[in-house]
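Trainee: What follows is structure_7.cif, made up of mmCIF, C-alpha atoms:
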```cif
data_model
loop_
_atom_site.label_atom_id
_atom_site.label_comp_id
_atom_site.auth_asym_id
_atom_site.auth_seq_id
_atom_site.Cartn_x
_atom_site.Cartn_y
_atom_site.Cartn_z
CA MET A 1 -28.84 23.81 30.65
CA ALA A 2 -26.53 22.16 33.15
CA ASP A 3 -22.82 22.35 32.48
CA LEU A 4 -21.37 19.58 30.38
CA ARG A 5 -19.02 17.26 32.24
CA LEU A 6 -16.14 15.46 30.55
CA VAL A 7 -15.37 12.11 32.17
CA PRO A 8 -13.38 8.98 31.25
CA LEU A 9 -15.52 6.38 29.53
CA SER A 10 -16.52 3.39 31.59
CA SER A 11 -16.73 0.14 29.64
CA THR A 12 -20.22 -0.37 31.09
CA ASP A 13 -21.32 2.69 29.10
CA ALA A 14 -19.91 1.47 25.79
CA HIS A 15 -23.31 0.99 24.14
CA PRO A 16 -24.75 4.47 24.81
CA TYR A 17 -21.36 6.04 24.05
CA TRP A 18 -21.10 4.49 20.60
CA GLN A 19 -24.77 5.12 19.86
CA VAL A 20 -24.14 8.84 20.44
CA TYR A 21 -21.09 8.61 18.17
CA LEU A 22 -23.15 7.05 15.37
CA ASP A 23 -25.98 9.56 15.85
CA GLY A 24 -23.50 12.44 15.66
CA ARG A 25 -21.41 11.33 12.66
CA THR A 26 -22.09 10.39 9.04
CA ASP A 27 -18.47 9.69 8.01
CA THR A 28 -18.21 6.35 9.82
CA PRO A 29 -17.12 3.18 7.97
CA THR A 30 -20.10 1.27 9.38
CA ARG A 31 -23.40 2.09 11.06
CA SER A 32 -23.26 -1.13 13.08
CA LEU A 33 -23.33 -0.40 16.81
CA THR A 34 -22.10 -3.92 17.49
CA ASP A 35 -19.00 -3.45 15.31
CA HIS A 36 -18.02 -0.27 17.15
CA VAL A 37 -18.63 -1.69 20.62
CA GLU A 38 -16.72 -4.89 19.89
CA ARG A 39 -13.80 -2.94 18.41
CA TYR A 40 -13.65 -0.77 21.55
CA ILE A 41 -13.81 -3.76 23.91
CA ALA A 42 -10.97 -5.44 22.00
CA LEU A 43 -8.66 -2.44 22.51
CA PRO A 44 -5.84 -2.74 25.05
CA PRO A 45 -6.59 -0.91 28.34
CA GLU A 46 -4.28 2.01 27.55
CA GLU A 47 -6.22 2.73 24.36
CA GLN A 48 -9.59 2.33 26.06
CA ARG A 49 -8.47 5.05 28.48
CA THR A 50 -8.22 7.55 25.61
CA HIS A 51 -12.04 7.56 25.31
CA PHE A 52 -13.97 10.27 27.16
CA ALA A 53 -17.68 11.02 27.36
CA PHE A 54 -19.48 14.35 27.61
CA ARG A 55 -22.33 14.08 30.09
CA ASP A 56 -25.36 16.26 30.69
CA GLY A 57 -26.61 15.02 34.04
CA ASP A 58 -26.56 11.23 33.84
CA ARG A 59 -26.86 11.11 30.07
CA ILE A 60 -23.96 10.70 27.60
CA VAL A 61 -24.35 13.44 24.99
CA GLY A 62 -20.92 13.47 23.33
CA THR A 63 -17.80 11.46 22.58
CA VAL A 64 -14.12 12.24 22.15
CA ARG A 65 -10.71 10.56 22.26
CA LEU A 66 -7.83 12.43 23.85
CA ALA A 67 -4.10 11.77 23.72
CA PRO A 68 -1.12 14.11 24.10
CA GLY A 69 -1.51 16.73 21.38
CA VAL A 70 -4.41 14.90 19.70
CA LEU A 71 -8.21 15.22 19.81
CA TYR A 72 -10.32 12.87 17.68
CA GLY A 73 -13.46 10.74 17.69
CA PHE A 74 -15.53 13.86 18.41
CA ALA A 75 -19.32 13.66 18.12
CA MET A 76 -22.31 15.23 19.80
CA ALA A 77 -25.86 13.92 20.11
CA PRO A 78 -28.22 15.79 17.74
CA SER A 79 -29.94 17.41 20.74
CA HIS A 80 -26.61 18.86 21.92
CA GLN A 81 -24.79 19.80 18.72
CA ASP A 82 -25.31 23.49 19.54
CA ARG A 83 -22.99 22.91 22.50
CA SER A 84 -20.13 21.59 20.41
CA GLY A 85 -18.00 24.68 21.10
CA ALA A 86 -18.30 24.29 24.86
CA ALA A 87 -17.45 20.59 24.55
CA ILE A 88 -14.34 21.32 22.45
CA VAL A 89 -13.09 23.82 25.04
CA LYS A 90 -13.42 21.19 27.79
CA ALA A 91 -11.54 18.65 25.68
CA LEU A 92 -8.80 21.18 24.99
CA ASP A 93 -8.41 21.80 28.72
CA VAL A 94 -7.63 18.11 29.24
CA VAL A 95 -5.12 18.04 26.37
CA ARG A 96 -3.39 21.13 27.73
CA ALA A 97 -3.26 19.56 31.18
CA GLN A 98 -1.34 16.70 29.56
CA GLY A 99 1.31 19.24 28.59
CA SER A 100 0.38 19.85 24.95
CA ARG A 101 0.10 23.29 23.42
CA GLU A 102 -0.19 22.60 19.68
CA VAL A 103 -3.14 20.27 19.10
CA THR A 104 -4.25 18.26 16.06
CA ALA A 105 -7.95 17.40 15.79
CA THR A 106 -9.89 15.11 13.47
CA PHE A 107 -13.66 15.56 13.13
CA GLU A 108 -16.54 15.53 10.66
CA ASP A 109 -16.99 18.76 8.71
CA ARG A 110 -20.37 19.38 10.37
CA TYR A 111 -18.35 20.47 13.44
CA GLU A 112 -15.84 22.57 11.53
CA ASP A 113 -17.34 25.96 12.47
CA ALA A 114 -17.17 25.08 16.17
CA PHE A 115 -13.55 23.95 15.86
CA ARG A 116 -12.65 27.06 13.86
CA ARG A 117 -14.12 29.29 16.57
CA THR A 118 -11.80 27.63 19.09
CA GLY A 119 -8.72 28.35 16.99
CA PHE A 120 -8.39 25.28 14.72
CA GLU A 121 -7.42 25.68 11.06
CA ARG A 122 -8.12 23.01 8.44
CA SER A 123 -5.06 21.15 7.21
CA PHE A 124 -6.74 18.63 4.90
CA ALA A 125 -9.89 16.53 4.57
CA ARG A 126 -10.72 13.06 3.32
CA ILE A 127 -13.85 11.60 1.75
CA ARG A 128 -15.17 8.06 2.08
CA MET A 129 -16.47 6.76 -1.25
CA GLU A 130 -18.27 3.53 -2.12
CA ALA A 131 -19.22 1.75 -5.35
CA PRO A 132 -21.19 -1.37 -6.26
CA THR A 133 -18.89 -4.23 -7.21
CA ALA A 134 -21.07 -5.66 -9.99
CA GLY A 135 -21.25 -4.61 -13.63
CA HIS A 136 -17.65 -3.81 -14.54
CA VAL A 137 -16.00 -4.89 -17.79
CA PRO A 138 -12.93 -7.09 -17.10
CA PRO A 139 -9.65 -5.15 -17.22
CA ARG A 140 -7.59 -5.25 -20.40
CA HIS A 141 -4.39 -5.85 -18.40
CA ALA A 142 -4.12 -9.65 -18.32
CA ASP A 143 -0.82 -9.71 -16.45
CA LEU A 144 -2.24 -8.96 -13.00
CA ARG A 145 -1.79 -11.49 -10.24
CA HIS A 146 -2.42 -11.83 -6.53
CA PRO A 147 0.37 -10.62 -4.22
CA GLU A 148 2.37 -13.04 -2.12
CA GLU A 149 3.38 -12.58 1.49
CA ALA A 150 7.03 -12.94 0.53
CA GLU A 151 6.76 -9.71 -1.49
CA VAL A 152 6.70 -7.47 1.59
CA ALA A 153 10.05 -5.84 0.77
CA GLY A 154 9.02 -5.21 -2.84
CA LEU A 155 5.65 -3.78 -1.79
CA ALA A 156 7.34 -1.52 0.75
CA ARG A 157 9.69 -0.14 -1.93
CA PHE A 158 6.75 0.24 -4.30
CA LEU A 159 4.63 2.19 -1.81
CA ARG A 160 7.49 4.49 -0.91
CA GLU A 161 8.09 5.18 -4.61
CA VAL A 162 4.39 5.73 -5.36
CA TYR A 163 4.04 8.34 -2.62
CA GLU A 164 7.28 10.18 -3.34
CA GLY A 165 6.27 13.78 -4.00
CA HIS A 166 2.57 13.01 -3.46
CA MET A 167 0.39 15.95 -2.38
CA GLU A 168 -0.46 14.16 0.87
CA GLN A 169 3.16 14.23 2.04
CA ALA A 170 2.69 17.96 2.65
CA PHE A 171 0.27 16.93 5.42
CA GLY A 172 2.70 14.46 6.99
CA MET A 173 1.05 11.41 5.42
CA HIS A 174 2.86 8.57 3.62
CA VAL A 175 6.32 9.46 4.85
CA GLY A 176 8.88 7.32 6.63
CA SER A 177 12.12 5.38 6.47
CA ASP A 178 12.62 2.11 4.59
CA ASP A 179 12.14 0.21 7.85
CA GLU A 180 8.89 2.07 8.58
CA TRP A 181 7.52 1.32 5.13
CA ARG A 182 8.47 -2.34 5.53
CA GLU A 183 6.74 -2.43 8.92
CA TYR A 184 3.63 -0.85 7.40
CA ALA A 185 3.52 -3.31 4.48
CA THR A 186 4.02 -6.24 6.86
CA GLY A 187 1.23 -5.03 9.13
CA LEU A 188 -1.13 -4.55 6.20
CA LEU A 189 -0.63 -8.13 5.00
CA LYS A 190 -0.98 -9.44 8.56
CA GLY A 191 -4.33 -7.73 9.14
CA GLU A 192 -3.44 -4.62 11.11
CA VAL A 193 -5.51 -2.48 8.71
CA GLY A 194 -8.40 -4.93 8.57
CA ARG A 195 -8.31 -8.56 7.46
CA PHE A 196 -6.18 -8.72 4.33
CA MET A 197 -8.02 -10.09 1.28
CA PRO A 198 -5.36 -11.61 -1.02
CA ASP A 199 -7.99 -12.91 -3.46
CA ALA A 200 -9.25 -9.34 -4.03
CA SER A 201 -5.77 -7.79 -4.17
CA PHE A 202 -3.66 -7.57 -7.32
CA VAL A 203 -0.18 -6.53 -8.37
CA ARG A 204 1.61 -6.01 -11.66
CA THR A 205 5.34 -6.66 -11.77
CA GLU A 206 8.12 -6.15 -14.28
CA GLY A 207 10.98 -8.40 -13.30
CA ASP A 208 11.33 -8.07 -9.54
CA ARG A 209 9.80 -4.57 -9.52
CA VAL A 210 6.18 -3.95 -8.50
CA THR A 211 4.76 -1.33 -10.89
CA GLY A 212 1.14 -1.26 -9.71
CA ALA A 213 -0.93 -2.66 -6.86
CA VAL A 214 -4.35 -2.63 -5.26
CA LEU A 215 -4.39 -4.04 -1.73
CA THR A 216 -7.80 -4.81 -0.28
CA THR A 217 -8.76 -5.44 3.33
CA HIS A 218 -12.03 -6.26 5.10
CA TRP A 219 -12.44 -3.49 7.65
CA MET A 220 -15.38 -2.64 9.90
CA GLY A 221 -17.77 -4.95 8.07
CA ALA A 222 -16.91 -4.26 4.42
CA PRO A 223 -14.09 -4.46 1.83
CA LEU A 224 -11.80 -1.42 1.73
CA VAL A 225 -9.09 -0.32 -0.72
CA ALA A 226 -6.20 0.00 1.73
CA GLU A 227 -3.74 0.96 -1.03
CA LEU A 228 -3.96 1.65 -4.76
CA GLY A 229 -1.00 2.97 -6.70
CA VAL A 230 1.00 2.96 -9.92
CA ILE A 231 4.66 3.98 -10.19
CA ARG A 232 5.27 7.32 -11.89
CA ASP A 233 6.62 6.04 -15.22
CA ARG A 234 3.66 3.68 -15.76
CA ARG A 235 0.87 6.18 -15.08
CA GLY A 236 -1.57 7.26 -17.77
CA GLN A 237 -1.72 3.76 -19.29
CA GLY A 238 -4.90 2.55 -17.60
CA LEU A 239 -3.15 0.39 -15.04
CA GLY A 240 -4.77 2.01 -12.00
CA ARG A 241 -8.22 1.49 -13.50
CA ALA A 242 -7.40 -2.12 -14.39
CA LEU A 243 -6.26 -2.88 -10.85
CA LEU A 244 -9.37 -1.36 -9.30
CA VAL A 245 -11.71 -3.11 -11.75
CA ALA A 246 -9.99 -6.44 -11.06
CA ALA A 247 -10.63 -5.95 -7.33
CA LEU A 248 -14.26 -4.96 -7.94
CA ASN A 249 -14.92 -7.98 -10.15
CA ARG A 250 -13.31 -10.39 -7.71
CA LEU A 251 -15.30 -8.98 -4.80
CA ALA A 252 -18.50 -9.36 -6.83
CA ALA A 253 -17.60 -13.03 -7.41
CA LEU A 254 -17.05 -13.40 -3.67
CA GLY A 255 -20.54 -12.04 -2.95
CA GLU A 256 -19.41 -8.67 -1.62
CA PRO A 257 -21.84 -6.02 -2.93
CA ARG A 258 -19.79 -2.86 -2.31
CA LEU A 259 -16.22 -1.60 -2.10
CA ALA A 260 -15.09 1.47 -0.11
CA LEU A 261 -12.04 3.72 -0.24
CA TYR A 262 -10.82 7.04 1.13
CA VAL A 263 -9.49 9.93 -0.94
CA THR A 264 -8.02 13.28 0.04
CA VAL A 265 -9.87 16.41 -1.05
CA GLY A 266 -7.82 17.98 -3.85
CA ASN A 267 -6.51 14.69 -5.27
CA ASP A 268 -8.40 15.33 -8.50
CA PRO A 269 -6.85 12.55 -10.68
CA ALA A 270 -7.89 9.95 -8.12
CA LEU A 271 -11.37 11.46 -7.72
CA THR A 272 -11.88 11.41 -11.49
CA LEU A 273 -10.93 7.72 -11.68
CA TYR A 274 -13.13 6.74 -8.76
CA ARG A 275 -16.17 8.61 -10.05
CA SER A 276 -15.78 7.02 -13.50
CA LEU A 277 -16.14 3.61 -11.83
CA GLY A 278 -19.27 4.52 -9.90
CA PHE A 279 -17.77 5.57 -6.57
CA VAL A 280 -19.83 8.21 -4.78
CA PRO A 281 -19.20 10.07 -1.50
CA VAL A 282 -20.76 8.54 1.61
CA GLY A 283 -21.24 10.83 4.61
CA GLY A 284 -19.44 14.04 5.41
CA GLN A 285 -15.80 14.95 4.98
CA THR A 286 -13.36 13.92 7.73
CA VAL A 287 -11.31 17.02 8.51
CA THR A 288 -7.88 17.18 10.10
CA ALA A 289 -7.13 20.58 11.63
CA LYS A 290 -4.40 22.10 13.77
CA ARG A 291 -4.51 24.57 16.63
CA PRO A 292 -1.18 26.35 16.96
CA ALA A 293 0.37 26.81 20.40
#
```
Now that the file is in, can you turn its structure into structure tokens?

Mentor:
Amino acid sequence: MADLRLVPLSSTDAHPYWQVYLDGRTDTPTRSLTDHVERYIALPPEEQRTHFAFRDGDRIVGTVRLAPGVLYGFAMAPSHQDRSGAAIVKALDVVRAQGSREVTATFEDRYEDAFRRTGFERSFARIRMEAPTAGHVPPRHADLRHPEEAEVAGLARFLREVYEGHMEQAFGMHVGSDDEWREYATGLLKGEVGRFMPDASFVRTEGDRVTGAVLTTHWMGAPLVAELGVIRDRRGQGLGRALLVAALNRLAALGEPRLALYVTVGNDPALTLYRSLGFVPVGGQTVTAKRPA
């Protein structure tokens, strides 16, 4: 076989590039080629330039995104998946040329052996799960209501409290200052994590304190649970289930057949809740791994 070449993606090759990505991954939020192409075209130029294509002759056979210290969006065409290791080495050469020594990679678990052989070690993995929205008994908590945009500060405090001491903080997730949490909550409500769906989002408050929330967005063609949480001293009372069921029922009334979410492997309480409501894994695990300097 000819040597693989790694070249910057040209926007004229967006369709074959994203078709290879879809053919080489099962953990994608949508199988729609149009959604992926349109999302890429809408990116600012500096983000478009992070996309690179692996070529065998004139044919695109692999995809990857490269930024200083980061390698993600990796996929290989089925006919070339046995060359994943060689492709990873080429991508690493580019990242090193950017001055990075320690590298973080995100990829589907089907490529984990190839990444491990090039020195990457799994840090954590996440699973996409989906459930039908219809057929759920209304929640017993009658004091749920839709969130209001003016509640950004309260939601930011709530999210920071919910994630305090959470297992995912060991992986660098869900950490930040008060200002960073406020910025995140503001962006979520303004559509930076998919179009916010206030009618399918619910909160429970006690006074001016948010004690539970499910925040739903419409991302890559389908509803997604962007956030679901209950403060520590209100857990074990069925509030998390009630919030999720309220979102499912509202989405069913809106004509949305399915709801998706992501969960970290090892978060067993969350997995137990999701499975009890009919959520099942869709596609492979999305692994985050590190390669030490």

Trainee: Translate the PyMOL selection byres ((chain A and resi 62) around 9) into a concrete residue list for this structure, as an NGL selection string.

Mentor: :A and (6 or 17 or 20-21 or 24 or 52-55 or 60-61 or 63-64 or 74-77 or 80-81 or 84 or 87)

Trainee: Go ahead and save the residues from that selection, with C-alpha atoms, as a PDB file, in the coordinates of the input.

Mentor:
```pdb
ATOM      1  CA  LEU A   6     -16.140  15.460  30.550  1.00  0.00           C
ATOM      2  CA  TYR A  17     -21.360   6.040  24.050  1.00  0.00           C
ATOM      3  CA  VAL A  20     -24.140   8.840  20.440  1.00  0.00           C
ATOM      4  CA  TYR A  21     -21.090   8.610  18.170  1.00  0.00           C
ATOM      5  CA  GLY A  24     -23.500  12.440  15.660  1.00  0.00           C
ATOM      6  CA  PHE A  52     -13.970  10.270  27.160  1.00  0.00           C
ATOM      7  CA  ALA A  53     -17.680  11.020  27.360  1.00  0.00           C
ATOM      8  CA  PHE A  54     -19.480  14.350  27.610  1.00  0.00           C
ATOM      9  CA  ARG A  55     -22.330  14.080  30.090  1.00  0.00           C
ATOM     10  CA  ILE A  60     -23.960  10.700  27.600  1.00  0.00           C
ATOM     11  CA  VAL A  61     -24.350  13.440  24.990  1.00  0.00           C
ATOM     12  CA  THR A  63     -17.800  11.460  22.580  1.00  0.00           C
ATOM     13  CA  VAL A  64     -14.120  12.240  22.150  1.00  0.00           C
ATOM     14  CA  PHE A  74     -15.530  13.860  18.410  1.00  0.00           C
ATOM     15  CA  ALA A  75     -19.320  13.660  18.120  1.00  0.00           C
ATOM     16  CA  MET A  76     -22.310  15.230  19.800  1.00  0.00           C
ATOM     17  CA  ALA A  77     -25.860  13.920  20.110  1.00  0.00           C
ATOM     18  CA  HIS A  80     -26.610  18.860  21.920  1.00  0.00           C
ATOM     19  CA  GLN A  81     -24.790  19.800  18.720  1.00  0.00           C
ATOM     20  CA  SER A  84     -20.130  21.590  20.410  1.00  0.00           C
ATOM     21  CA  ALA A  87     -17.450  20.590  24.550  1.00  0.00           C
TER      22      ALA A  87
END
```

Trainee: I'd like the contact shell of A:Val175 - 9 Å cut-off, only C-alpha atoms, skipping same-chain residues fewer than 2 positions apart - returned as a ChimeraX atom specification.

Mentor: /A:160,163-164,169,172-173,177,180-181

Trainee: From the set A:Glu46, A:Glu168, A:Glu151, A:Glu130, which residue has the shortest atom-to-atom contact distance to A:Val265, counting all atoms listed in the file?

Mentor: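 So, comparing all the options, the nearest one is A:Glu168.
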
Trainee: I'd like the residues picked by the PyMOL selection byres ((chain A and resi 184) around 12) written out as a PyMOL selection string, using the chain letters and numbers from the file.

Mentor: chain A and resi 152-153+155-157+159-160+174-183+185-193+226-227

Trainee: Enumerate, in order of chain and increasing residue number, the residues of stretch 185-242 of chain A with an atom no farther than 12 Å from stretch 274-277 of chain A, each with its shortest atom pair and distance in Å to one decimal, counting all atoms listed in the file, as CSV.

Mentor:
```
residue,atom,partner,partner_atom,distance
A:Val225,CA,A:Tyr274,CA,11.4
A:Leu228,CA,A:Tyr274,CA,11.2
A:Gly240,CA,A:Tyr274,CA,10.1
A:Arg241,CA,A:Leu277,CA,8.4
A:Ala242,CA,A:Leu277,CA,10.8
```

Trainee: For atom CA of A:Arg140 and atom CA of A:Leu239, determine how far apart the two atoms are, in Å to one decimal place.

Mentor: 9.0 Å

Trainee: List, as number ranges by chain, every residue that the PyMOL selection byres ((chain A and resi 25-30) around 9) selects in the file provided.

Mentor: A: 20-24, 31-33, 35-36, 74-76, 107-108, 110, 127-128, 219-222, 260, 282-286

Trainee: Between A:Pro68, A:Arg291, A:Arg39, A:Val280, which one has atoms that come closest to A:Gly194, using all atoms listed in the file?

Mentor: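 Nearest to A:Gly194: A:Arg39.
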
Trainee: Please provide as a PDB file with C-alpha atoms, keeping the file's coordinate frame all residues within 9 Å of A:Ala114, with the sequence filter that same-chain residues fewer than 6 positions apart are discarded (counting all atoms listed in the file).

Mentor:
```pdb
ATOM      1  CA  ASP A  82     -25.310  23.490  19.540  1.00  0.00           C
ATOM      2  CA  ARG A  83     -22.990  22.910  22.500  1.00  0.00           C
ATOM      3  CA  SER A  84     -20.130  21.590  20.410  1.00  0.00           C
ATOM      4  CA  GLY A  85     -18.000  24.680  21.100  1.00  0.00           C
ATOM      5  CA  ALA A  86     -18.300  24.290  24.860  1.00  0.00           C
ATOM      6  CA  ILE A  88     -14.340  21.320  22.450  1.00  0.00           C
ATOM      7  CA  PHE A 120      -8.390  25.280  14.720  1.00  0.00           C
TER       8      PHE A 120
END
```

Trainee: Grab the atom CA of A:Pro257 to atom CA of A:His141 distance for me, in Å with one decimal place.

Mentor: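 Between atom CA of A:Pro257 and atom CA of A:His141 the gap is 23.3 Å.
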
Trainee: Using atom CA of A:Thr264 and atom CA of A:Ala105 as the two end points, give the distance in Å to one decimal.

Mentor: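 Computing it gives 16.3 Å between the two atoms.
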
Trainee: Set the distance at 12 Å and use all atoms listed in the file: which residues neighbour A:Val214 once local chain neighbours fewer than 5 positions away are removed? I'd like the list as a PDB file with C-alpha atoms, keeping the file's coordinate frame.

Mentor:
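Below you can see part.pdb, which holds the result:
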```
ATOM      1  CA  LEU A 144      -2.240  -8.960 -13.000  1.00  0.00           C
ATOM      2  CA  ARG A 145      -1.790 -11.490 -10.240  1.00  0.00           C
ATOM      3  CA  HIS A 146      -2.420 -11.830  -6.530  1.00  0.00           C
ATOM      4  CA  PRO A 147       0.370 -10.620  -4.220  1.00  0.00           C
ATOM      5  CA  LEU A 155       5.650  -3.780  -1.790  1.00  0.00           C
ATOM      6  CA  PHE A 158       6.750   0.240  -4.300  1.00  0.00           C
ATOM      7  CA  LEU A 159       4.630   2.190  -1.810  1.00  0.00           C
ATOM      8  CA  PHE A 196      -6.180  -8.720   4.330  1.00  0.00           C
ATOM      9  CA  MET A 197      -8.020 -10.090   1.280  1.00  0.00           C
ATOM     10  CA  PRO A 198      -5.360 -11.610  -1.020  1.00  0.00           C
ATOM     11  CA  ASP A 199      -7.990 -12.910  -3.460  1.00  0.00           C
ATOM     12  CA  ALA A 200      -9.250  -9.340  -4.030  1.00  0.00           C
ATOM     13  CA  SER A 201      -5.770  -7.790  -4.170  1.00  0.00           C
ATOM     14  CA  PHE A 202      -3.660  -7.570  -7.320  1.00  0.00           C
ATOM     15  CA  VAL A 203      -0.180  -6.530  -8.370  1.00  0.00           C
ATOM     16  CA  ARG A 204       1.610  -6.010 -11.660  1.00  0.00           C
ATOM     17  CA  LEU A 224     -11.800  -1.420   1.730  1.00  0.00           C
ATOM     18  CA  VAL A 225      -9.090  -0.320  -0.720  1.00  0.00           C
ATOM     19  CA  ALA A 226      -6.200   0.000   1.730  1.00  0.00           C
ATOM     20  CA  GLU A 227      -3.740   0.960  -1.030  1.00  0.00           C
ATOM     21  CA  LEU A 228      -3.960   1.650  -4.760  1.00  0.00           C
ATOM     22  CA  GLY A 229      -1.000   2.970  -6.700  1.00  0.00           C
ATOM     23  CA  VAL A 230       1.000   2.960  -9.920  1.00  0.00           C
ATOM     24  CA  LEU A 239      -3.150   0.390 -15.040  1.00  0.00           C
ATOM     25  CA  GLY A 240      -4.770   2.010 -12.000  1.00  0.00           C
ATOM     26  CA  ARG A 241      -8.220   1.490 -13.500  1.00  0.00           C
ATOM     27  CA  ALA A 242      -7.400  -2.120 -14.390  1.00  0.00           C
ATOM     28  CA  LEU A 243      -6.260  -2.880 -10.850  1.00  0.00           C
ATOM     29  CA  LEU A 244      -9.370  -1.360  -9.300  1.00  0.00           C
ATOM     30  CA  VAL A 245     -11.710  -3.110 -11.750  1.00  0.00           C
ATOM     31  CA  ALA A 246      -9.990  -6.440 -11.060  1.00  0.00           C
ATOM     32  CA  ALA A 247     -10.630  -5.950  -7.330  1.00  0.00           C
ATOM     33  CA  LEU A 248     -14.260  -4.960  -7.940  1.00  0.00           C
ATOM     34  CA  LEU A 261     -12.040   3.720  -0.240  1.00  0.00           C
TER      35      LEU A 261
END
```

Trainee: Do a neighbour search on A:Ala252 at 9 Å with only C-alpha atoms, toss out local chain neighbours closer than 5 positions, and write the hits as a PyMOL selection string.

Mentor: chain A and resi 132-135+247+257-258

Trainee: Taking every listed atom of stretch 79-87 of chain A and adding 6 Å to each side, what centre and edge lengths in Å (one decimal) does the axis-aligned box have, as AutoDock Vina command-line options?

Mentor:
```
--center_x -23.7 --center_y 21.0 --center_z 21.8 --size_x 24.5 --size_y 19.3 --size_z 18.1
```

Trainee: Please rebuild stretch 58-76 of chain A with N, CA and C atoms and return the result as a PDB file, in the frame of the given file.

Mentor:
```
ATOM      1  N   ASP A  58     -26.974  12.633  33.916  1.00  0.00           N
ATOM      2  CA  ASP A  58     -26.560  11.230  33.840  1.00  0.00           C
ATOM      3  C   ASP A  58     -26.492  10.706  32.413  1.00  0.00           C
ATOM      4  N   ARG A  59     -26.744  11.553  31.460  1.00  0.00           N
ATOM      5  CA  ARG A  59     -26.860  11.110  30.070  1.00  0.00           C
ATOM      6  C   ARG A  59     -25.577  11.433  29.303  1.00  0.00           C
ATOM      7  N   ILE A  60     -25.082  10.454  28.512  1.00  0.00           N
ATOM      8  CA  ILE A  60     -23.960  10.700  27.600  1.00  0.00           C
ATOM      9  C   ILE A  60     -24.491  11.447  26.386  1.00  0.00           C
ATOM     10  N   VAL A  61     -23.888  12.618  26.104  1.00  0.00           N
ATOM     11  CA  VAL A  61     -24.350  13.440  24.990  1.00  0.00           C
ATOM     12  C   VAL A  61     -23.232  13.741  23.980  1.00  0.00           C
ATOM     13  N   GLY A  62     -22.021  13.221  24.253  1.00  0.00           N
ATOM     14  CA  GLY A  62     -20.920  13.470  23.330  1.00  0.00           C
ATOM     15  C   GLY A  62     -19.790  12.499  23.551  1.00  0.00           C
ATOM     16  N   THR A  63     -18.926  12.387  22.530  1.00  0.00           N
ATOM     17  CA  THR A  63     -17.800  11.460  22.580  1.00  0.00           C
ATOM     18  C   THR A  63     -16.542  12.167  22.110  1.00  0.00           C
ATOM     19  N   VAL A  64     -15.399  11.717  22.608  1.00  0.00           N
ATOM     20  CA  VAL A  64     -14.120  12.240  22.150  1.00  0.00           C
ATOM     21  C   VAL A  64     -13.016  11.304  22.604  1.00  0.00           C
ATOM     22  N   ARG A  65     -11.920  11.268  21.833  1.00  0.00           N
ATOM     23  CA  ARG A  65     -10.710  10.560  22.260  1.00  0.00           C
ATOM     24  C   ARG A  65      -9.603  11.586  22.426  1.00  0.00           C
ATOM     25  N   LEU A  66      -8.866  11.454  23.515  1.00  0.00           N
ATOM     26  CA  LEU A  66      -7.830  12.430  23.850  1.00  0.00           C
ATOM     27  C   LEU A  66      -6.510  11.727  24.121  1.00  0.00           C
ATOM     28  N   ALA A  67      -5.463  12.231  23.489  1.00  0.00           N
ATOM     29  CA  ALA A  67      -4.100  11.770  23.720  1.00  0.00           C
ATOM     30  C   ALA A  67      -3.212  13.007  23.664  1.00  0.00           C
ATOM     31  N   PRO A  68      -1.976  12.928  24.134  1.00  0.00           N
ATOM     32  CA  PRO A  68      -1.120  14.110  24.100  1.00  0.00           C
ATOM     33  C   PRO A  68      -1.063  14.757  22.719  1.00  0.00           C
ATOM     34  N   GLY A  69      -1.549  15.983  22.624  1.00  0.00           N
ATOM     35  CA  GLY A  69      -1.510  16.730  21.380  1.00  0.00           C
ATOM     36  C   GLY A  69      -2.535  16.329  20.350  1.00  0.00           C
ATOM     37  N   VAL A  70      -3.473  15.430  20.689  1.00  0.00           N
ATOM     38  CA  VAL A  70      -4.410  14.900  19.700  1.00  0.00           C
ATOM     39  C   VAL A  70      -5.829  14.859  20.277  1.00  0.00           C
ATOM     40  N   LEU A  71      -6.793  15.262  19.453  1.00  0.00           N
ATOM     41  CA  LEU A  71      -8.210  15.220  19.810  1.00  0.00           C
ATOM     42  C   LEU A  71      -8.947  14.618  18.609  1.00  0.00           C
ATOM     43  N   TYR A  72      -9.622  13.501  18.800  1.00  0.00           N
ATOM     44  CA  TYR A  72     -10.320  12.870  17.680  1.00  0.00           C
ATOM     45  C   TYR A  72     -11.506  12.083  18.197  1.00  0.00           C
ATOM     46  N   GLY A  73     -12.278  11.475  17.287  1.00  0.00           N
ATOM     47  CA  GLY A  73     -13.460  10.740  17.690  1.00  0.00           C
ATOM     48  C   GLY A  73     -14.544  11.632  18.275  1.00  0.00           C
ATOM     49  N   PHE A  74     -14.589  12.907  17.842  1.00  0.00           N
ATOM     50  CA  PHE A  74     -15.530  13.860  18.410  1.00  0.00           C
ATOM     51  C   PHE A  74     -16.909  13.713  17.771  1.00  0.00           C
ATOM     52  N   ALA A  75     -17.931  13.671  18.607  1.00  0.00           N
ATOM     53  CA  ALA A  75     -19.320  13.660  18.120  1.00  0.00           C
ATOM     54  C   ALA A  75     -20.215  14.170  19.236  1.00  0.00           C
ATOM     55  N   MET A  76     -21.311  14.776  18.844  1.00  0.00           N
ATOM     56  CA  MET A  76     -22.310  15.230  19.800  1.00  0.00           C
ATOM     57  C   MET A  76     -23.677  14.699  19.395  1.00  0.00           C
TER      58      MET A  76
END
```
